[in-house]
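Enquirer: The structure file upload-v1.txt (compact mmCIF, C-alpha atoms) is provided below.
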# COMPACT_ATOMS: atom_id res chain seq x y z
CA MET A 1 -19.31 23.68 -30.80
CA LEU A 2 -19.96 20.15 -29.74
CA ARG A 3 -22.16 19.68 -32.82
CA GLU A 4 -19.36 20.67 -35.16
CA GLY A 5 -16.89 18.46 -33.34
CA LEU A 6 -19.12 15.46 -33.58
CA ALA A 7 -20.53 16.06 -37.06
CA ASP A 8 -17.90 14.08 -38.93
CA ARG A 9 -18.11 11.15 -36.53
CA GLY A 10 -21.53 10.17 -37.82
CA VAL A 11 -23.28 10.39 -34.45
CA ALA A 12 -26.95 11.27 -34.50
CA LEU A 13 -27.92 14.43 -32.62
CA THR A 14 -30.55 12.54 -30.68
CA THR A 15 -27.85 10.20 -29.40
CA VAL A 16 -25.81 13.17 -28.22
CA HIS A 17 -28.87 14.63 -26.55
CA THR A 18 -29.62 11.35 -24.75
CA VAL A 19 -26.05 11.12 -23.49
CA LEU A 20 -26.12 14.74 -22.28
CA THR A 21 -29.44 14.17 -20.52
CA ARG A 22 -27.96 11.19 -18.71
CA LEU A 23 -24.88 13.21 -17.78
CA GLU A 24 -27.20 15.83 -16.37
CA GLN A 25 -28.92 13.23 -14.22
CA LYS A 26 -25.51 12.28 -12.89
CA GLY A 27 -24.71 15.92 -12.14
CA PHE A 28 -21.95 16.50 -14.69
CA VAL A 29 -23.72 19.02 -16.95
CA LEU A 30 -26.46 21.63 -16.60
CA HIS A 31 -28.93 23.08 -19.03
CA ASP A 32 -30.86 26.26 -19.17
CA ASP A 33 -34.64 25.85 -19.32
CA ALA A 34 -34.90 28.70 -21.79
CA ARG A 35 -32.57 26.92 -24.20
CA PRO A 36 -33.28 23.25 -23.65
CA ARG A 37 -30.71 22.09 -26.16
CA ARG A 38 -27.78 24.04 -24.78
CA PHE A 39 -25.84 22.19 -22.12
CA SER A 40 -22.89 23.47 -20.16
CA PRO A 41 -20.51 21.62 -17.84
CA ARG A 42 -21.36 22.00 -14.17
CA ALA A 43 -17.73 22.58 -13.25
CA SER A 44 -14.70 23.64 -15.26
CA ARG A 45 -11.98 21.13 -16.00
CA GLU A 46 -9.84 22.68 -13.25
CA ASP A 47 -12.65 22.60 -10.69
CA HIS A 48 -13.38 19.03 -11.56
CA ALA A 49 -9.70 18.12 -11.22
CA ALA A 50 -9.52 19.84 -7.83
CA GLU A 51 -12.63 18.07 -6.58
CA LEU A 52 -11.33 14.78 -7.87
CA MET A 53 -7.93 15.22 -6.23
CA HIS A 54 -9.66 15.93 -2.97
CA GLU A 55 -11.43 12.62 -3.17
CA VAL A 56 -8.60 10.57 -4.64
CA LEU A 57 -5.94 11.83 -2.24
CA GLY A 58 -8.38 12.12 0.66
CA ARG A 59 -7.32 12.17 4.27
CA SER A 60 -8.13 8.73 5.51
CA ALA A 61 -5.43 6.10 5.67
CA ASP A 62 -7.39 3.58 3.63
CA ARG A 63 -7.08 5.97 0.68
CA GLN A 64 -3.39 5.19 0.80
CA ALA A 65 -4.17 1.58 0.00
CA VAL A 66 -5.97 2.60 -3.17
CA LEU A 67 -3.07 4.37 -4.81
CA ALA A 68 0.68 4.69 -4.45
CA ARG A 69 1.52 8.34 -4.05
CA PHE A 70 5.04 9.56 -4.76
CA VAL A 71 5.10 11.44 -1.48
CA GLY A 72 2.33 12.80 0.71
CA GLY A 73 2.06 16.38 1.83
CA VAL A 74 3.70 17.36 5.12
CA ASP A 75 3.17 20.30 7.43
CA ALA A 76 5.17 23.52 7.07
CA ASP A 77 7.70 22.66 9.81
CA GLU A 78 8.48 19.29 8.35
CA ALA A 79 8.82 20.78 4.85
CA ARG A 80 11.29 23.39 6.17
CA LEU A 81 13.29 20.66 7.90
CA LEU A 82 13.46 18.65 4.69
CA ARG A 83 14.69 21.67 2.71
CA GLU A 84 17.37 22.26 5.34
CA LEU A 85 18.48 18.65 5.10
CA LEU A 86 18.80 19.03 1.36
CA ALA A 87 20.68 22.31 1.62
CA GLY A 88 23.13 20.89 4.17
CA ALA A 89 24.02 17.83 2.13
CA PRO A 90 27.05 17.79 -0.21
CA ALA A 91 26.22 18.59 -3.81
CA ASP A 92 27.39 15.22 -5.14
CA ASP A 93 26.09 11.86 -4.12
CA ALA A 94 27.65 10.97 -0.80
CA PRO A 95 29.99 7.99 -1.02
CA ARG A 96 28.61 4.73 0.32
CA GLY A 97 29.94 3.61 3.63
CA MET B 1 -3.41 -31.60 29.46
CA LEU B 2 -2.50 -29.10 26.80
CA PRO B 3 -0.72 -30.90 23.97
CA ALA B 4 2.87 -29.76 23.46
CA THR B 5 2.04 -28.77 19.89
CA ALA B 6 -0.71 -26.37 20.97
CA ALA B 7 1.54 -24.88 23.64
CA SER B 8 4.39 -24.31 21.17
CA LEU B 9 2.05 -22.76 18.63
CA ALA B 10 0.58 -20.50 21.32
CA VAL B 11 4.05 -19.33 22.34
CA LEU B 12 4.91 -18.68 18.69
CA ALA B 13 1.64 -16.79 18.19
CA VAL B 14 2.32 -14.55 21.19
CA LEU B 15 5.89 -13.87 20.03
CA LEU B 16 4.69 -12.97 16.54
CA ALA B 17 1.81 -10.85 17.82
CA TRP B 18 3.99 -8.47 19.76
CA PRO B 19 7.76 -8.74 20.41
CA VAL B 20 8.83 -9.83 16.93
CA PRO B 21 6.99 -7.09 14.98
CA ALA B 22 8.10 -4.53 17.59
CA LEU B 23 11.75 -5.55 17.16
CA LEU B 24 11.54 -5.68 13.37
CA ALA B 25 9.83 -2.28 13.22
CA ARG B 26 12.54 -0.75 15.40
CA ALA B 27 15.52 -2.48 13.78
CA GLY B 28 17.96 -0.41 11.74
CA TRP B 29 18.88 -2.97 9.11
CA PRO B 30 15.60 -2.96 7.11
CA ARG B 31 16.45 0.41 5.56
CA ARG B 32 19.73 -1.09 4.35
CA ASP B 33 17.87 -3.77 2.43
CA PRO B 34 14.14 -3.05 2.11
CA LEU B 35 13.49 -6.06 -0.13
CA VAL B 36 14.75 -8.61 2.40
CA ALA B 37 12.86 -6.79 5.15
CA LEU B 38 9.65 -6.98 3.10
CA VAL B 39 10.10 -10.75 2.76
CA CYS B 40 10.56 -10.98 6.54
CA TRP B 41 7.39 -8.97 7.20
CA GLN B 42 5.34 -11.22 4.93
CA ALA B 43 6.71 -14.25 6.79
CA VAL B 44 5.89 -12.68 10.18
CA GLY B 45 2.33 -11.92 9.09
CA LEU B 46 1.67 -15.32 7.59
CA ALA B 47 3.32 -17.31 10.40
CA GLY B 48 1.53 -15.17 12.99
CA GLY B 49 -1.90 -15.90 11.54
CA LEU B 50 -1.08 -19.56 11.07
CA SER B 51 0.17 -20.12 14.61
CA MET B 52 -2.66 -18.14 16.21
CA ILE B 53 -5.37 -20.16 14.47
CA GLY B 54 -3.32 -23.36 14.68
CA ALA B 55 -2.86 -23.16 18.46
CA LEU B 56 -6.61 -22.80 19.02
CA LEU B 57 -7.39 -25.58 16.54
CA VAL B 58 -4.91 -28.07 18.02
CA HIS B 59 -6.12 -27.35 21.56
CA GLY B 60 -9.76 -27.62 20.55
CA LEU B 61 -9.22 -30.92 18.78
CA ALA B 62 -6.99 -32.35 21.54
CA PRO B 63 -9.59 -34.85 22.82
CA TRP B 64 -9.62 -36.49 19.40
CA GLY B 65 -5.84 -36.79 19.08
CA ASN B 66 -2.55 -35.13 19.91
CA SER B 67 -1.75 -33.70 16.48
CA LEU B 68 -3.89 -31.93 13.96
CA PRO B 69 -3.83 -34.62 11.20
CA GLU B 70 -4.59 -37.37 13.72
CA ALA B 71 -7.40 -35.43 15.40
CA ALA B 72 -8.89 -34.21 12.14
CA TRP B 73 -8.92 -37.76 10.79
CA SER B 74 -10.70 -39.00 13.91
CA VAL B 75 -13.35 -36.30 13.58
CA VAL B 76 -13.82 -36.96 9.85
CA THR B 77 -14.15 -40.73 10.31
CA GLY B 78 -16.55 -40.18 13.21
CA ASN B 79 -14.37 -41.81 15.88
CA PRO B 80 -15.43 -40.88 19.40
CA ALA B 81 -13.15 -38.54 21.33
CA GLY B 82 -10.53 -40.31 23.42
CA ASP B 83 -10.74 -37.85 26.28
CA ALA B 84 -13.68 -35.96 27.66
CA VAL B 85 -14.54 -32.90 25.54
CA ARG B 86 -14.70 -29.96 27.90
CA GLY B 87 -16.04 -26.46 27.50
CA ASP B 88 -12.64 -24.91 26.81
CA HIS B 89 -12.20 -27.23 23.82
CA TRP B 90 -15.40 -25.92 22.29
CA ILE B 91 -14.40 -22.34 23.05
CA ALA B 92 -11.00 -22.87 21.39
CA LEU B 93 -12.65 -24.39 18.31
CA THR B 94 -15.16 -21.56 18.07
CA LEU B 95 -12.43 -18.93 18.44
CA ALA B 96 -10.33 -20.66 15.79
CA GLY B 97 -13.29 -20.60 13.40
CA VAL B 98 -14.14 -16.97 14.11
CA LEU B 99 -10.53 -15.84 13.78
CA ALA B 100 -9.92 -17.76 10.54
CA PHE B 101 -13.17 -16.45 9.12
CA GLU B 102 -12.40 -12.89 10.15
CA LEU B 103 -8.82 -12.81 8.87
CA VAL B 104 -9.68 -14.36 5.50
CA GLY B 105 -12.97 -12.48 5.25
CA VAL B 106 -11.45 -9.08 5.95
CA LEU B 107 -8.63 -9.79 3.50
CA VAL B 108 -11.08 -10.64 0.72
CA LEU B 109 -13.43 -7.78 1.59
CA SER B 110 -10.61 -5.25 1.77
CA GLY B 111 -9.22 -6.49 -1.56
CA VAL B 112 -12.60 -6.22 -3.26
CA ARG B 113 -13.37 -2.79 -1.80
CA THR B 114 -9.96 -1.37 -2.70
CA GLY B 115 -10.28 -2.75 -6.23
CA ARG B 116 -13.67 -1.12 -6.64
CA THR B 117 -12.43 2.27 -5.42
CA ARG B 118 -9.44 2.01 -7.76
CA ARG B 119 -11.65 1.34 -10.76
CA ARG B 120 -13.92 4.26 -9.90
CA HIS B 121 -11.04 6.67 -9.38
CA ARG B 122 -9.41 5.54 -12.59
CA ALA B 123 -12.63 6.08 -14.54
CA LEU B 124 -13.07 9.57 -13.08
CA LEU B 125 -9.44 10.50 -13.69
CA GLU B 126 -9.47 9.28 -17.26
CA LEU B 127 -12.04 11.97 -18.01
CA VAL B 128 -9.68 14.81 -17.13
CA VAL B 129 -6.12 13.60 -17.79
CA ARG B 130 -4.25 13.79 -21.08
CA PRO B 131 -1.29 11.68 -22.18
CA SER B 132 2.17 13.15 -21.75
CA ALA B 133 4.20 13.77 -24.88
CA GLU B 134 7.61 13.27 -23.26
CA LEU B 135 6.99 10.65 -20.59
CA PRO B 136 5.60 7.36 -21.90
CA ASP B 137 2.62 5.77 -20.11
CA THR B 138 2.19 8.90 -18.03
CA ARG B 139 -0.96 11.03 -17.79
CA LEU B 140 -1.00 14.70 -16.96
CA LEU B 141 -3.59 16.38 -14.79
CA GLU B 142 -4.29 20.09 -14.71
CA TYR B 143 -3.81 20.74 -11.00
CA PRO B 144 -1.70 23.45 -9.32
CA ALA B 145 -0.18 21.42 -6.46
CA PRO B 146 2.78 19.10 -7.10
CA VAL B 147 1.20 15.64 -6.99
CA ALA B 148 2.26 12.31 -8.46
CA PHE B 149 0.69 8.93 -7.91
CA CYS B 150 -0.20 5.69 -9.60
CA ILE B 151 -3.30 3.57 -9.32
CA PRO B 152 -2.24 -0.09 -9.49
CA GLY B 153 -4.31 -2.80 -11.07
CA ALA B 154 -4.74 -4.61 -14.35
CA ARG B 155 -4.67 -1.28 -16.20
CA PRO B 156 -2.42 0.90 -14.07
CA LEU B 157 -2.64 4.68 -14.30
CA LEU B 158 0.34 6.93 -13.60
CA VAL B 159 -0.61 10.56 -13.05
CA LEU B 160 1.52 13.71 -12.72
CA SER B 161 -0.04 17.08 -11.95
CA SER B 162 0.81 20.24 -13.88
CA GLY B 163 2.10 21.62 -10.57
CA MET B 164 4.60 18.77 -10.44
CA LEU B 165 5.73 19.52 -14.00
CA ALA B 166 6.22 23.18 -13.14
CA GLU B 167 8.13 22.45 -9.95
CA LEU B 168 10.58 19.77 -11.14
CA ASP B 169 13.21 19.60 -13.87
CA ASP B 170 13.36 16.75 -16.39
CA ASP B 171 15.77 14.57 -14.37
CA GLN B 172 13.62 14.90 -11.27
CA LEU B 173 10.48 14.03 -13.23
CA ALA B 174 12.20 10.95 -14.61
CA ALA B 175 13.04 9.98 -11.02
CA VAL B 176 9.42 10.40 -9.92
CA VAL B 177 8.14 8.31 -12.83
CA ALA B 178 10.77 5.61 -12.19
CA HIS B 179 9.71 5.47 -8.52
CA GLU B 180 6.04 5.05 -9.40
CA ARG B 181 6.82 2.46 -12.09
CA ALA B 182 8.77 0.46 -9.51
CA HIS B 183 5.62 0.31 -7.33
CA LEU B 184 3.63 -0.95 -10.28
CA ARG B 185 6.18 -3.43 -11.60
CA GLU B 186 6.87 -5.05 -8.23
CA ARG B 187 3.18 -5.11 -7.29
CA HIS B 188 3.78 -3.32 -3.99
CA HIS B 189 0.04 -2.94 -3.48
CA LEU B 190 -0.22 -6.72 -3.08
CA LEU B 191 2.53 -6.71 -0.42
CA LEU B 192 0.57 -4.06 1.47
CA LEU B 193 -2.86 -5.65 1.14
CA PRO B 194 -2.57 -8.22 3.99
CA PHE B 195 -1.26 -5.59 6.38
CA VAL B 196 -4.02 -3.12 5.52
CA ALA B 197 -6.57 -5.88 6.03
CA TRP B 198 -5.13 -7.20 9.29
CA GLU B 199 -4.92 -3.76 10.79
CA ALA B 200 -8.63 -3.48 10.07
CA ALA B 201 -9.33 -7.00 11.36
CA LEU B 202 -7.29 -6.75 14.58
CA PRO B 203 -7.48 -3.12 15.72
CA VAL B 204 -6.70 -4.23 19.28
CA LEU B 205 -3.30 -5.56 18.22
CA PRO B 206 -0.81 -2.65 18.25
CA ALA B 207 1.59 -4.78 16.20
CA ALA B 208 -0.86 -4.82 13.27
CA GLY B 209 -0.71 -1.05 12.91
CA ARG B 210 3.03 -0.94 13.46
CA ALA B 211 3.57 -3.66 10.85
CA HIS B 212 1.43 -1.78 8.35
CA ALA B 213 3.38 1.45 8.85
CA ALA B 214 6.72 -0.36 8.58
CA VAL B 215 5.76 -2.16 5.37
CA ARG B 216 4.46 1.07 3.85
CA GLU B 217 7.77 2.76 4.57
CA LEU B 218 9.72 -0.20 3.18
CA VAL B 219 7.89 -0.29 -0.16
CA GLU B 220 8.69 3.42 -0.59
CA MET B 221 12.38 2.78 0.10
CA ARG B 222 12.35 -0.20 -2.23
CA ALA B 223 10.78 1.91 -5.00
CA ASP B 224 13.48 4.54 -4.41
CA ASP B 225 16.19 1.88 -4.78
CA VAL B 226 14.68 0.52 -8.00
CA ALA B 227 14.29 4.05 -9.37
CA LEU B 228 17.94 4.89 -8.60
CA ALA B 229 19.15 1.86 -10.53
CA SER B 230 17.38 3.07 -13.68
CA LEU B 231 18.39 6.74 -13.47
CA SER B 232 21.22 8.28 -15.39
CA GLY B 233 22.80 11.63 -14.53
CA SER B 234 25.63 12.55 -12.21
CA ALA B 235 23.85 12.43 -8.86
CA PRO B 236 20.65 10.35 -9.05
CA ARG B 237 20.34 10.15 -5.25
CA ARG B 238 20.33 13.91 -4.94
CA THR B 239 17.94 14.25 -7.89
CA LEU B 240 15.43 11.93 -6.25
CA ALA B 241 15.84 13.61 -2.85
CA ARG B 242 15.19 17.01 -4.41
CA ALA B 243 12.13 15.64 -6.18
CA ILE B 244 10.76 14.41 -2.85
CA VAL B 245 11.38 17.72 -1.11
CA ALA B 246 9.78 19.64 -3.98
CA ALA B 247 6.74 17.38 -3.96
CA VAL B 248 5.97 17.60 -0.24
CA GLY B 249 4.96 21.22 -0.80
CA GLY B 250 4.99 23.85 1.90
CA ALA B 251 7.25 26.05 -0.25
CA GLY B 252 4.69 28.80 -0.09
CA GLY B 253 3.26 27.71 -3.42
CA ALA B 254 0.15 25.70 -4.02
CA ASP B 255 -1.29 23.71 -1.18
CA VAL B 256 -0.63 20.00 -1.35
CA PRO B 257 -3.51 17.78 -0.21
CA SER B 258 -2.12 16.16 2.88
CA GLY B 259 -3.25 12.57 2.71
CA ALA B 260 -2.67 10.96 6.08
CA LEU B 261 -0.20 13.43 7.56
CA ALA B 262 1.11 11.38 10.44
CA VAL B 263 2.12 8.61 8.08
CA THR B 264 3.57 10.58 5.21
CA GLY B 265 5.65 13.13 7.11
CA GLY B 266 7.93 10.58 8.74
CA VAL B 267 8.31 8.55 5.57
CA ALA B 268 9.42 11.57 3.52
CA ARG B 269 12.14 12.42 6.05
CA VAL B 270 13.39 8.83 6.29
CA ARG B 271 13.58 8.62 2.51
CA VAL B 272 15.43 11.92 2.08
CA LEU B 273 17.94 11.03 4.82
CA ARG B 274 18.49 7.62 3.28
CA LEU B 275 19.10 9.16 -0.16
CA LEU B 276 21.47 11.84 1.07
CA GLU B 277 23.43 9.60 3.44
CA PRO B 278 23.08 6.11 2.00
CA PRO B 279 23.54 3.34 4.58
CA SER B 280 26.02 0.62 3.64
CA PRO B 281 24.27 -2.31 1.98
CA LEU B 282 23.61 -5.39 4.06
CA PRO B 283 26.46 -7.95 3.86
CA ALA B 284 25.57 -11.14 1.95
CA ALA B 285 25.79 -13.26 5.11
CA ALA B 286 23.28 -11.05 6.94
CA ARG B 287 21.00 -11.06 3.91
CA TRP B 288 20.91 -14.83 3.75
CA THR B 289 20.49 -15.15 7.51
CA ALA B 290 17.45 -12.88 7.35
CA LEU B 291 15.96 -14.78 4.41
CA ALA B 292 16.62 -18.14 6.09
CA SER B 293 14.95 -16.88 9.28
CA ALA B 294 11.92 -15.85 7.25
CA GLY B 295 11.78 -19.33 5.70
CA LEU B 296 12.15 -21.01 9.10
CA LEU B 297 9.45 -18.79 10.53
CA LEU B 298 7.01 -20.13 7.95
CA LEU B 299 8.24 -23.71 8.26
CA LEU B 300 7.92 -23.86 12.05
CA PRO B 301 4.13 -23.46 12.46
CA THR B 302 3.53 -25.55 9.33
CA ALA B 303 5.61 -28.38 10.74
CA LEU B 304 3.98 -28.10 14.16
CA LEU B 305 0.56 -28.34 12.55
CA LEU B 306 1.25 -31.19 10.15
CA LEU B 307 3.79 -33.46 11.85
CA PRO B 308 2.42 -36.12 14.21
CA ALA B 309 2.88 -35.30 17.87
CA VAL B 310 5.73 -36.94 19.74
What's the structure tokens form of this structure?
Expert:
Amino acid sequence: MLREGLADRGVALTTVHTVLTRLEQKGFVLHDDARPRRFSPRASREDHAAELMHEVLGRSADRQAVLARFVGGVDADEARLLRELLAGAPADDAPRG
Amino acid sequence: MLPATAASLAVLAVLLAWPVPALLARAGWPRRDPLVALVCWQAVGLAGGLSMIGALLVHGLAPWGNSLPEAAWSVVTGNPAGDAVRGDHWIALTLAGVLAFELVGVLVLSGVRTGRTRRRHRALLELVVRPSAELPDTRLLEYPAPVAFCIPGARPLLVLSSGMLAELDDDQLAAVVAHERAHLRERHHLLLLPFVAWEAALPVLPAAGRAHAAVRELVEMRADDVALASLSGSAPRRTLARAIVAAVGGAGGADVPSGALAVTGGVARVRVLRLLEPPSPLPAAARWTALASAGLLLLLPTALLLLPAV
């Protein structure tokens, strides 16, 4: 699949193989010893995204310095309280004052 | 005898290390005008550091002269000290050096480390995100929980999760993107950097942590205000409030990674309350008084340090 996708880009197969070998050293892909030229990703795109989110949005406060998150998660009680606030407010924007 | 300059700077340093940040953190007016409050916090931080180091420096150099320029000139030209140099002078000088080195060092270190983490996270994210067709400059991430964030820097990255897209309607998404863009455009990460660093440098100072939390809350409110100004629709305040409530999770759907819970929970509530029941804006006179106080706060230690002693 990868070979077909890359065929019209003029990339040599050996180059692809070198890159995949390096990716394997970094733990991103795996290969089966029986079929040394078939590589598969170590984790699916979703798994990778989940792992990444865990790191990027991690628990420690210094993570918050790294990125600006729209809003952090809150516990269930706080979330219920916020929904109640929203439900109790008038439907239109309250007048200033 | 302690020179009057050193004494005044010491008093200023003590005031700025505890009562002033405590009052500012507890005051009600900052949420009426987050931008002015952010200016005040920067002034408090800068003047605090300046007066703390300045007081030690002026006291330590007292035997060479009564004011900093005079004493520094004597030391540079190799003039002998006028008074006897006692142990406490050396201690004050050493403390001044250590404190200056630590504050500046931690600031630089924290800036470098944060920048490195940002670059790494951006590189990892770029592997899995795809550009959004509807929202310009926005990347989408396949992830079930409603999450939105931006990584600031030279090449900022604004990411929305697929869970966010599923949870919010188009107006709410526009509000989220406008909020994140406001962070990027106004460089809020730079306003936060000194407070992050000083909390790390001075963990014994409760004001450092309180200041950090207050500034973090203020940049969120400021980003909300900027976002509201750019939103169309009949009720932008309600749209943004609903987006916040949807994004905090807990609706029985996908689990939202918490981040630092203690910090984020309070901020979300303050923001929603502020959106649903907007406080009246600060009158112009109060605005200018606050800005003038911030200016004076910076001018005072600078003047004490540079003007010749009376």
Enquirer: For Ala229 (chain B), which of B:Leu140, B:Ala178, B:Leu300, B:Leu160 is the closest residue, counting all atoms listed in the file?
Expert: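 Checking each candidate against Ala229 (chain B), we get B:Ala178 as the closest.
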Enquirer: Please, which residues in chain B fall within 8 Å of chain A when counting all atoms listed in the file, and what is the closest atom pair and distance in Å to one decimal for each, ordered by chain then residue number, as a tab-separated table?
Expert:
residue	atom	partner	partner_atom	distance
B:Thr114	CA	A:Val66	CA	5.6
B:Gly115	CA	A:Val66	CA	7.5
B:Thr117	CA	A:Val66	CA	6.8
B:Arg118	CA	A:Val66	CA	5.8
B:His121	CA	A:Val56	CA	6.6
B:Leu124	CA	A:Leu52	CA	7.6
B:Leu125	CA	A:Leu52	CA	7.5
B:Val128	CA	A:Ala49	CA	6.8
B:Leu141	CA	A:Ala49	CA	7.3
B:Glu142	CA	A:Glu46	CA	6.3
B:Tyr143	CA	A:Ala49	CA	6.5
B:Val147	CA	A:Phe70	CA	7.5
B:Ala148	CA	A:Phe70	CA	5.4
B:Phe149	CA	A:Arg69	CA	4.0
B:Cys150	CA	A:Ala68	CA	5.3
B:Ile151	CA	A:Leu67	CA	4.6
B:Pro152	CA	A:Leu67	CA	6.5
B:Val176	CA	A:Phe70	CA	6.8
B:His179	CA	A:Phe70	CA	7.3
B:Glu180	CA	A:Phe70	CA	6.5
B:His183	CA	A:Ala68	CA	7.2
B:His189	CA	A:Ala65	CA	7.1
B:Leu192	CA	A:Ala65	CA	7.5
B:Leu193	CA	A:Ala65	CA	7.4
B:Val196	CA	A:Ala65	CA	7.3
B:Ser234	CA	A:Asp92	CA	7.8
B:Ala235	CA	A:Asp93	CA	5.3
B:Pro236	CA	A:Asp93	CA	7.5
B:Arg237	CA	A:Asp93	CA	6.1
B:Arg238	CA	A:Asp93	CA	6.2
B:Ala241	CA	A:Leu86	CA	7.5
B:Arg242	CA	A:Leu86	CA	7.1
B:Ile244	CA	A:Val71	CA	6.5
B:Val245	CA	A:Leu82	CA	6.2
B:Ala247	CA	A:Val71	CA	6.6
B:Val248	CA	A:Gly73	CA	4.6
B:Gly249	CA	A:Gly73	CA	6.2
B:Gly250	CA	A:Ala76	CA	5.2
B:Ala251	CA	A:Ala79	CA	7.5
B:Val256	CA	A:Gly73	CA	5.5
B:Pro257	CA	A:Gly73	CA	6.1
B:Ser258	CA	A:Gly73	CA	4.3
B:Gly259	CA	A:Arg59	CA	4.4
B:Ala260	CA	A:Arg59	CA	5.1
B:Leu261	CA	A:Val74	CA	6.1
B:Thr264	CA	A:Gly72	CA	5.2
B:Gly265	CA	A:Val74	CA	5.1
B:Ala268	CA	A:Val71	CA	6.6
B:Arg269	CA	A:Leu82	CA	6.5
B:Val272	CA	A:Leu82	CA	7.5
B:Leu273	CA	A:Leu85	CA	7.6
B:Leu276	CA	A:Ala94	CA	6.5
B:Glu277	CA	A:Ala94	CA	6.1
B:Pro278	CA	A:Arg96	CA	5.9
B:Pro279	CA	A:Gly97	CA	6.5
B:Ser280	CA	A:Gly97	CA	4.9
Enquirer: Quote the spacing between CA of Asp137 (chain B) and CA of Ala175 (chain B) in Å to one decimal place.
Expert: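 So the two atoms, CA of Asp137 (chain B) and CA of Ala175 (chain B), lie 14.5 Å apart.
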Enquirer: Within 10 Å of (12.9, -15.4, 9.3), in the coordinates the file gives, what residues turn up when you count all atoms listed in the file, written out as number ranges by chain?
Expert: B: 36-37, 39-44, 47, 288-299
Enquirer: Deliver the residues from the most recent selection as a file, using C-alpha atoms, as an mmCIF file, in the frame of the given file.
Expert:
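result.cif written:
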data_model
loop_
_atom_site.group_PDB
_atom_site.id
_atom_site.type_symbol
_atom_site.label_atom_id
_atom_site.label_comp_id
_atom_site.auth_asym_id
_atom_site.auth_seq_id
_atom_site.Cartn_x
_atom_site.Cartn_y
_atom_site.Cartn_z
ATOM 1 C CA VAL B 36 14.750 -8.610 2.400
ATOM 2 C CA ALA B 37 12.860 -6.790 5.150
ATOM 3 C CA VAL B 39 10.100 -10.750 2.760
ATOM 4 C CA CYS B 40 10.560 -10.980 6.540
ATOM 5 C CA TRP B 41 7.390 -8.970 7.200
ATOM 6 C CA GLN B 42 5.340 -11.220 4.930
ATOM 7 C CA ALA B 43 6.710 -14.250 6.790
ATOM 8 C CA VAL B 44 5.890 -12.680 10.180
ATOM 9 C CA ALA B 47 3.320 -17.310 10.400
ATOM 10 C CA TRP B 288 20.910 -14.830 3.750
ATOM 11 C CA THR B 289 20.490 -15.150 7.510
ATOM 12 C CA ALA B 290 17.450 -12.880 7.350
ATOM 13 C CA LEU B 291 15.960 -14.780 4.410
ATOM 14 C CA ALA B 292 16.620 -18.140 6.090
ATOM 15 C CA SER B 293 14.950 -16.880 9.280
ATOM 16 C CA ALA B 294 11.920 -15.850 7.250
ATOM 17 C CA GLY B 295 11.780 -19.330 5.700
ATOM 18 C CA LEU B 296 12.150 -21.010 9.100
ATOM 19 C CA LEU B 297 9.450 -18.790 10.530
ATOM 20 C CA LEU B 298 7.010 -20.130 7.950
ATOM 21 C CA LEU B 299 8.240 -23.710 8.260
#
Enquirer: Could you pull the residues within 6 Å of region 57-73 of chain B, counting all atoms listed in the file, minus those fewer than 2 positions along the same chain, as a PyMOL selection string?
Expert: chain B and resi 6+54-55+75-76+81-83+85+89+92-93+96+305+308-309
Enquirer: So, with only C-alpha atoms as the atoms that count, which of B:Arg155, B:His212, B:Arg139, B:Arg120 lies closest to Leu184 (chain B)?
Expert: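 Under the stated criterion, the closest residue is B:Arg155.
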Enquirer: Measure the distance from CA of Asp33 (chain B) to CA of Ala284 (chain B) in Å and round it to one decimal.
Expert: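 Taking CA of Asp33 (chain B) and CA of Ala284 (chain B), their separation equals 10.7 Å.
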Enquirer: Measuring between all atoms listed in the file, which one of B:Leu168, B:Leu24, B:Leu157, B:Leu99 shows the shortest distance to Ala123 (chain B)?
Expert: B:Leu157
